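In what follows, a single structure is set out as structure tokens and then discussed.
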Amino acid sequence: MNPNDIPAYMAHVGAAARSAATTMAAASTAAKNQALRRLAERLREQVSVLQQANALDLSAAREAGLAEPMVDRLKLTPQVIETVAEGCEQIAAMPDPIGEITGVKRRPSGISVGQMRVPLGVFGMIYESRPNVTIEAASLAIKSGNACILRGGSEALHSNLALWRLVQAALADAGLPPEAVQLVETTDRAAVGRLITMPEYVDVIIPRGGKGLIERISAEARVPVIKHLDGNCHVYIDAEVDVDQALVVTDNAKTQKVSPCNAAESLLVHERQAEAFLPRIGAVFAAKGVEMRCCPAARAVLAAVPGAKLADATEADWAEEYLALIISIKVVASLDEAIAHINRFGSHHTDAILTTNHVAAMRFLREVDSSSVMVNASTRFADGFEYGLGAEIGISTDKFHARGPVGLEGLTSMKWVVLGQGEVRR
């Protein structure tokens, strides 16, 4: 099939995925696990081949003037390959959710009613940069009994193609259809337009990339989308708090790595702790080159910090996802004000409270409307691996179908099952 004939090519890919999804839904746990373990073996066997393909992408990226941090995200080092191989083995070792029947209750009529966990069917995933996502998505699709259509970024095409060939070979090794995982082989953006408008073949779309990509997919898709647009994550320092602990956690949430969507972008401090906490965290941020965009009260306290990079916060700063060494800081008068601020300006991704007050902690958990809410822990923990999901396909700030890190169960649905012995309705 010619990938340049986009309508025909994408219809062919979609039909093949739909057919494979039927087989995958009925596949045994043993076959799925065999495919995953064989994929891990092939990844380790083919390190040199994968690096040769990756070198083509790295060279093209540098010639195109791609920024070095972006080039770094493209690299398939031996360590990256070993990590994804281990991920495949970890997913193989996890319980298989498919076919599990729960909540069975006997009704007065004599029937028993419960729910069975089943695959979604076919998911399309559109992602940028990191080629390791190809293996993460494929391995989760295999274990959850789904078929998937993957469309990686043009900057990683050679790497993704090489990885995908190993996935298809591993599926064949296990007697499963290679078409269960397909990679769109063209970089033409029209292919994305077709993928997100094929409800006859695709059950859900999962975009993973920048805000522009996700906004476009959400606006144009004709199938459901599991998404998050922003990661404007907050840390709130409560009136009652262990200041030493709060310093460590806040520093980690902001500076451990600034580019992920679960890094803290905004710091709220109760006015009772402003004088005790802000100068100390300000010194930490100053030493690490973090620019602090402050409300007037916060700036007044931080002005005495040597070397502090301070600026006045604008209204736009409260809603900004910086993904950089920048943080907005606001002094608040109460827990109520903190919760209201987060629910207004946050992106419903991940927000944390640092407190020694149990009542305040429980209120924060209940009332902050985000996919992950934390007490006395860094926002950087909002991650499928850290949550024990094995891996994640992405993070969702939607309320349907999945919310937060999306792992195996997020790629499944439930259907009602009824067990009877000849009962009829009277």
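Just remember, in the structure tokens the first chain shown is A, the second B, etc., residues are 1-based per chain, and ligands are 1-based in the order shown.
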
When DSSP is applied to the backbone of this structure, which of stretch 268-424 of chain A are assigned helix (DSSP H, G or I)? Write them out as a tab-separated table (two decimals) with N, CA and C atoms, in the first residue's frame.
chain	number	residue	atom	x	y	z
A	274	ALA	N	4.56	33.10	55.37
A	274	ALA	CA	5.31	33.83	54.36
A	274	ALA	C	6.69	34.25	54.86
A	275	GLU	N	6.77	34.83	56.06
A	275	GLU	CA	8.04	35.32	56.59
A	275	GLU	C	9.01	34.17	56.90
A	276	ALA	N	8.48	33.03	57.31
A	276	ALA	CA	9.34	31.90	57.66
A	276	ALA	C	9.78	31.11	56.43
A	277	PHE	N	8.89	30.95	55.46
A	277	PHE	CA	9.15	30.04	54.34
A	277	PHE	C	9.76	30.74	53.13
A	278	LEU	N	9.21	31.88	52.73
A	278	LEU	CA	9.63	32.49	51.47
A	278	LEU	C	11.12	32.83	51.39
A	279	PRO	N	11.72	33.44	52.41
A	279	PRO	CA	13.16	33.73	52.29
A	279	PRO	C	14.01	32.47	52.08
A	280	ARG	N	13.61	31.37	52.71
A	280	ARG	CA	14.39	30.13	52.59
A	280	ARG	C	14.21	29.48	51.22
A	281	ILE	N	12.98	29.40	50.74
A	281	ILE	CA	12.80	28.83	49.40
A	281	ILE	C	13.33	29.80	48.35
A	282	GLY	N	13.24	31.09	48.61
A	282	GLY	CA	13.79	32.08	47.69
A	282	GLY	C	15.28	31.92	47.53
A	283	ALA	N	15.99	31.63	48.62
A	283	ALA	CA	17.43	31.40	48.54
A	283	ALA	C	17.76	30.15	47.72
A	284	VAL	N	16.96	29.11	47.90
A	284	VAL	CA	17.14	27.88	47.11
A	284	VAL	C	16.94	28.17	45.63
A	285	PHE	N	15.85	28.86	45.30
A	285	PHE	CA	15.57	29.18	43.91
A	285	PHE	C	16.63	30.12	43.32
A	286	ALA	N	17.08	31.09	44.10
A	286	ALA	CA	18.11	32.02	43.62
A	286	ALA	C	19.38	31.27	43.26
A	287	ALA	N	19.76	30.30	44.10
A	287	ALA	CA	20.98	29.52	43.85
A	287	ALA	C	20.87	28.68	42.58
A	296	PRO	N	2.57	41.29	45.09
A	296	PRO	CA	3.26	42.32	45.88
A	296	PRO	C	3.72	41.84	47.25
A	297	ALA	N	2.88	41.06	47.93
A	297	ALA	CA	3.26	40.60	49.26
A	297	ALA	C	4.46	39.66	49.21
A	298	ALA	N	4.47	38.76	48.24
A	298	ALA	CA	5.59	37.83	48.11
A	298	ALA	C	6.86	38.56	47.73
A	299	ARG	N	6.74	39.52	46.82
A	299	ARG	CA	7.94	40.25	46.39
A	299	ARG	C	8.54	41.05	47.54
A	300	ALA	N	7.70	41.61	48.38
A	300	ALA	CA	8.20	42.39	49.51
A	300	ALA	C	9.06	41.53	50.44
A	301	VAL	N	8.63	40.28	50.64
A	301	VAL	CA	9.40	39.39	51.52
A	301	VAL	C	10.67	38.91	50.83
A	302	LEU	N	10.58	38.62	49.54
A	302	LEU	CA	11.71	38.05	48.81
A	302	LEU	C	12.75	39.08	48.41
A	315	GLU	N	-1.57	38.79	35.61
A	315	GLU	CA	-2.71	37.86	35.66
A	315	GLU	C	-2.42	36.60	34.85
A	316	ALA	N	-1.72	36.77	33.72
A	316	ALA	CA	-1.42	35.62	32.86
A	316	ALA	C	-0.48	34.63	33.54
A	317	ASP	N	0.38	35.13	34.44
A	317	ASP	CA	1.33	34.24	35.09
A	317	ASP	C	0.65	33.17	35.94
A	318	TRP	N	-0.50	33.49	36.52
A	318	TRP	CA	-1.15	32.51	37.40
A	318	TRP	C	-1.61	31.27	36.62
A	319	ALA	N	-1.81	31.38	35.32
A	319	ALA	CA	-2.29	30.24	34.53
A	319	ALA	C	-1.21	29.65	33.63
A	335	LEU	N	-6.84	28.85	53.42
A	335	LEU	CA	-6.98	27.64	52.61
A	335	LEU	C	-8.06	27.83	51.56
A	336	ASP	N	-9.14	28.49	51.92
A	336	ASP	CA	-10.21	28.75	50.95
A	336	ASP	C	-9.68	29.51	49.74
A	337	GLU	N	-8.87	30.53	49.99
A	337	GLU	CA	-8.32	31.31	48.87
A	337	GLU	C	-7.40	30.46	48.01
A	338	ALA	N	-6.61	29.60	48.64
A	338	ALA	CA	-5.70	28.73	47.89
A	338	ALA	C	-6.48	27.79	46.98
A	339	ILE	N	-7.51	27.15	47.53
A	339	ILE	CA	-8.31	26.21	46.73
A	339	ILE	C	-9.01	26.94	45.59
A	340	ALA	N	-9.57	28.11	45.86
A	340	ALA	CA	-10.25	28.87	44.81
A	340	ALA	C	-9.27	29.28	43.72
A	341	HIS	N	-8.07	29.69	44.10
A	341	HIS	CA	-7.05	30.09	43.12
A	341	HIS	C	-6.67	28.91	42.23
A	342	ILE	N	-6.43	27.76	42.85
A	342	ILE	CA	-6.03	26.57	42.07
A	342	ILE	C	-7.14	26.15	41.11
A	343	ASN	N	-8.38	26.13	41.59
A	343	ASN	CA	-9.48	25.70	40.72
A	343	ASN	C	-9.75	26.70	39.60
A	344	ARG	N	-9.40	27.97	39.81
A	344	ARG	CA	-9.60	28.97	38.76
A	344	ARG	C	-8.47	28.96	37.75
A	345	PHE	N	-7.22	28.94	38.23
A	345	PHE	CA	-6.09	29.12	37.33
A	345	PHE	C	-5.36	27.82	36.97
A	358	HIS	N	-4.54	17.79	59.57
A	358	HIS	CA	-5.26	16.73	58.87
A	358	HIS	C	-6.54	17.25	58.22
A	359	VAL	N	-7.27	18.10	58.92
A	359	VAL	CA	-8.52	18.63	58.37
A	359	VAL	C	-8.25	19.42	57.10
A	360	ALA	N	-7.21	20.25	57.11
A	360	ALA	CA	-6.86	21.01	55.91
A	360	ALA	C	-6.48	20.09	54.77
A	361	ALA	N	-5.73	19.05	55.08
A	361	ALA	CA	-5.32	18.09	54.05
A	361	ALA	C	-6.52	17.42	53.41
A	362	MET	N	-7.48	16.99	54.23
A	362	MET	CA	-8.65	16.30	53.69
A	362	MET	C	-9.52	17.25	52.87
A	363	ARG	N	-9.63	18.49	53.31
A	363	ARG	CA	-10.38	19.47	52.52
A	363	ARG	C	-9.72	19.69	51.16
A	364	PHE	N	-8.42	19.81	51.16
A	364	PHE	CA	-7.68	20.01	49.90
A	364	PHE	C	-7.91	18.84	48.95
A	365	LEU	N	-7.83	17.61	49.48
A	365	LEU	CA	-8.05	16.42	48.65
A	365	LEU	C	-9.45	16.42	48.04
A	366	ARG	N	-10.44	16.79	48.84
A	366	ARG	CA	-11.83	16.75	48.36
A	366	ARG	C	-12.15	17.88	47.39
A	367	GLU	N	-11.64	19.06	47.66
A	367	GLU	CA	-12.14	20.27	46.98
A	367	GLU	C	-11.31	20.73	45.80
A	379	THR	N	4.85	17.07	43.39
A	379	THR	CA	4.00	16.88	42.19
A	379	THR	C	4.69	15.99	41.16
A	380	ARG	N	6.00	15.86	41.23
A	380	ARG	CA	6.74	15.04	40.26
A	380	ARG	C	6.37	13.56	40.35
A	381	PHE	N	5.63	13.16	41.38
A	381	PHE	CA	5.20	11.77	41.49
A	381	PHE	C	4.02	11.44	40.57
A	409	GLU	N	-5.50	-0.24	32.79
A	409	GLU	CA	-6.95	-0.15	33.00
A	409	GLU	C	-7.54	1.03	32.26
A	410	GLY	N	-6.76	2.10	32.04
A	410	GLY	CA	-7.26	3.23	31.28
A	410	GLY	C	-7.50	2.92	29.82
A	411	LEU	N	-6.93	1.79	29.35
A	411	LEU	CA	-7.12	1.37	27.96
A	411	LEU	C	-8.19	0.28	27.86

> Quick one: residues within 12 Å of A:Ser372, only C-alpha atoms counted, chain neighbours fewer than 4 positions away excluded, as a count of residues only?
Replying inline: 34

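Between A:Gln256 and the residues A:Ala239, A:Val204, A:Ile142, A:Leu323, the shortest atom-to-atom distance, using only C-alpha atoms, involves A:Leu323.
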
Can you list, as a tab-separated table (two decimals) with N, CA, C and O atoms, in the first residue's frame, every protein, DNA or RNA residue that comes within 7 Å of A:Lys330 when you count only C-alpha atoms, leaving out same-chain residues fewer than 5 positions away?
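Saved to out.tsv:
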chain	number	residue	atom	x	y	z
A	267	LEU	N	3.52	28.57	43.19
A	267	LEU	CA	3.67	28.36	44.62
A	267	LEU	C	2.74	29.30	45.37
A	267	LEU	O	2.80	30.52	45.18
A	268	LEU	N	1.88	28.74	46.21
A	268	LEU	CA	0.99	29.52	47.05
A	268	LEU	C	1.43	29.34	48.50
A	268	LEU	O	1.68	28.21	48.93
A	269	VAL	N	1.52	30.44	49.23
A	269	VAL	CA	2.00	30.39	50.61
A	269	VAL	C	1.01	31.11	51.52
A	269	VAL	O	0.65	32.28	51.27
A	294	CYS	N	6.16	37.36	41.25
A	294	CYS	CA	5.53	37.44	42.56
A	294	CYS	C	4.36	38.41	42.63
A	294	CYS	O	4.34	39.43	41.93
A	295	CYS	N	3.43	38.10	43.54
A	295	CYS	CA	2.44	39.09	43.95
A	295	CYS	C	3.16	40.13	44.82
A	295	CYS	O	4.28	39.88	45.29
A	298	ALA	N	4.47	38.76	48.24
A	298	ALA	CA	5.59	37.83	48.11
A	298	ALA	C	6.86	38.56	47.73
A	298	ALA	O	7.94	38.29	48.27

Residues near A:Leu150, anyone? I mean within 8 Å using only C-alpha atoms, not counting same-chain ones fewer than 3 positions away, as a CSV table (one decimal) with C-alpha atoms, in the first residue's frame.
chain,number,residue,atom,x,y,z
A,124,GLY,CA,-4.7,6.0,17.8
A,125,MET,CA,-1.7,7.7,19.4
A,126,ILE,CA,-0.1,10.8,18.1
A,134,THR,CA,6.6,3.8,20.5
A,181,VAL,CA,0.5,-2.4,16.3
A,182,GLN,CA,0.9,-0.2,13.2
A,183,LEU,CA,3.1,2.8,12.6
A,184,VAL,CA,2.0,5.4,10.1

Residue neighbourhood A:Gln79, 12 Å, only C-alpha atoms, exclusion window fewer than 6 positions, as a compact mmCIF listing (two decimals) with N, CA and C atoms, in the first residue's frame:
# COMPACT_ATOMS: atom_id res chain seq x y z
N LEU A 43 14.75 -6.13 21.54
CA LEU A 43 15.33 -4.81 21.79
C LEU A 43 16.78 -4.92 22.21
N ARG A 44 17.07 -5.86 23.11
CA ARG A 44 18.45 -6.04 23.57
C ARG A 44 19.36 -6.60 22.47
N VAL A 47 20.39 -3.57 19.62
CA VAL A 47 20.83 -2.25 20.06
C VAL A 47 21.59 -1.51 18.97
N GLN A 51 20.48 1.93 17.07
CA GLN A 51 21.30 3.13 17.17
C GLN A 51 21.70 3.66 15.79
N ALA A 85 13.08 -2.02 27.44
CA ALA A 85 13.04 -3.49 27.47
C ALA A 85 12.57 -3.97 28.85
N GLU A 86 13.12 -3.36 29.90
CA GLU A 86 12.68 -3.70 31.25
C GLU A 86 11.20 -3.37 31.44
N ASN A 132 11.10 6.30 22.42
CA ASN A 132 10.77 5.25 23.38
C ASN A 132 9.26 5.14 23.60

> What are the DSSP strand (DSSP E or B) residues of stretch 65-177 of chain A, as a list of chain:residue names?
Replying inline: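 Taking stretch 65-177 of chain A and keeping strand (DSSP E or B) only, one gets A:Ile101, A:Thr102, A:Gly103, A:Val104, A:Lys105, A:Arg106, A:Ser112, A:Val113, A:Gly114, A:Gln115, A:Met116, A:Arg117, A:Val118, A:Pro119, A:Val122, A:Phe123, A:Gly124, A:Met125, A:Ile126, A:Tyr127, A:Ala147, A:Cys148, A:Ile149, A:Leu150, A:Arg151.
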
>> To one decimal place in Å, what is the distance between atom CA of A:Pro224 and atom CA of A:Ala31?
In response: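 Computed distance, atom CA of A:Pro224 to atom CA of A:Ala31, equals 29.2 Å.
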
> Closest to A:Ala35 among A:Lys143, A:Lys288, A:Arg73, A:Arg62, using only C-alpha atoms?
Replying inline: A:Lys143

> From the list A:Arg165, A:Arg189, A:Lys75, A:Arg151, which residue is nearest A:Ile6 when using only C-alpha atoms?
Replying inline: A:Arg189
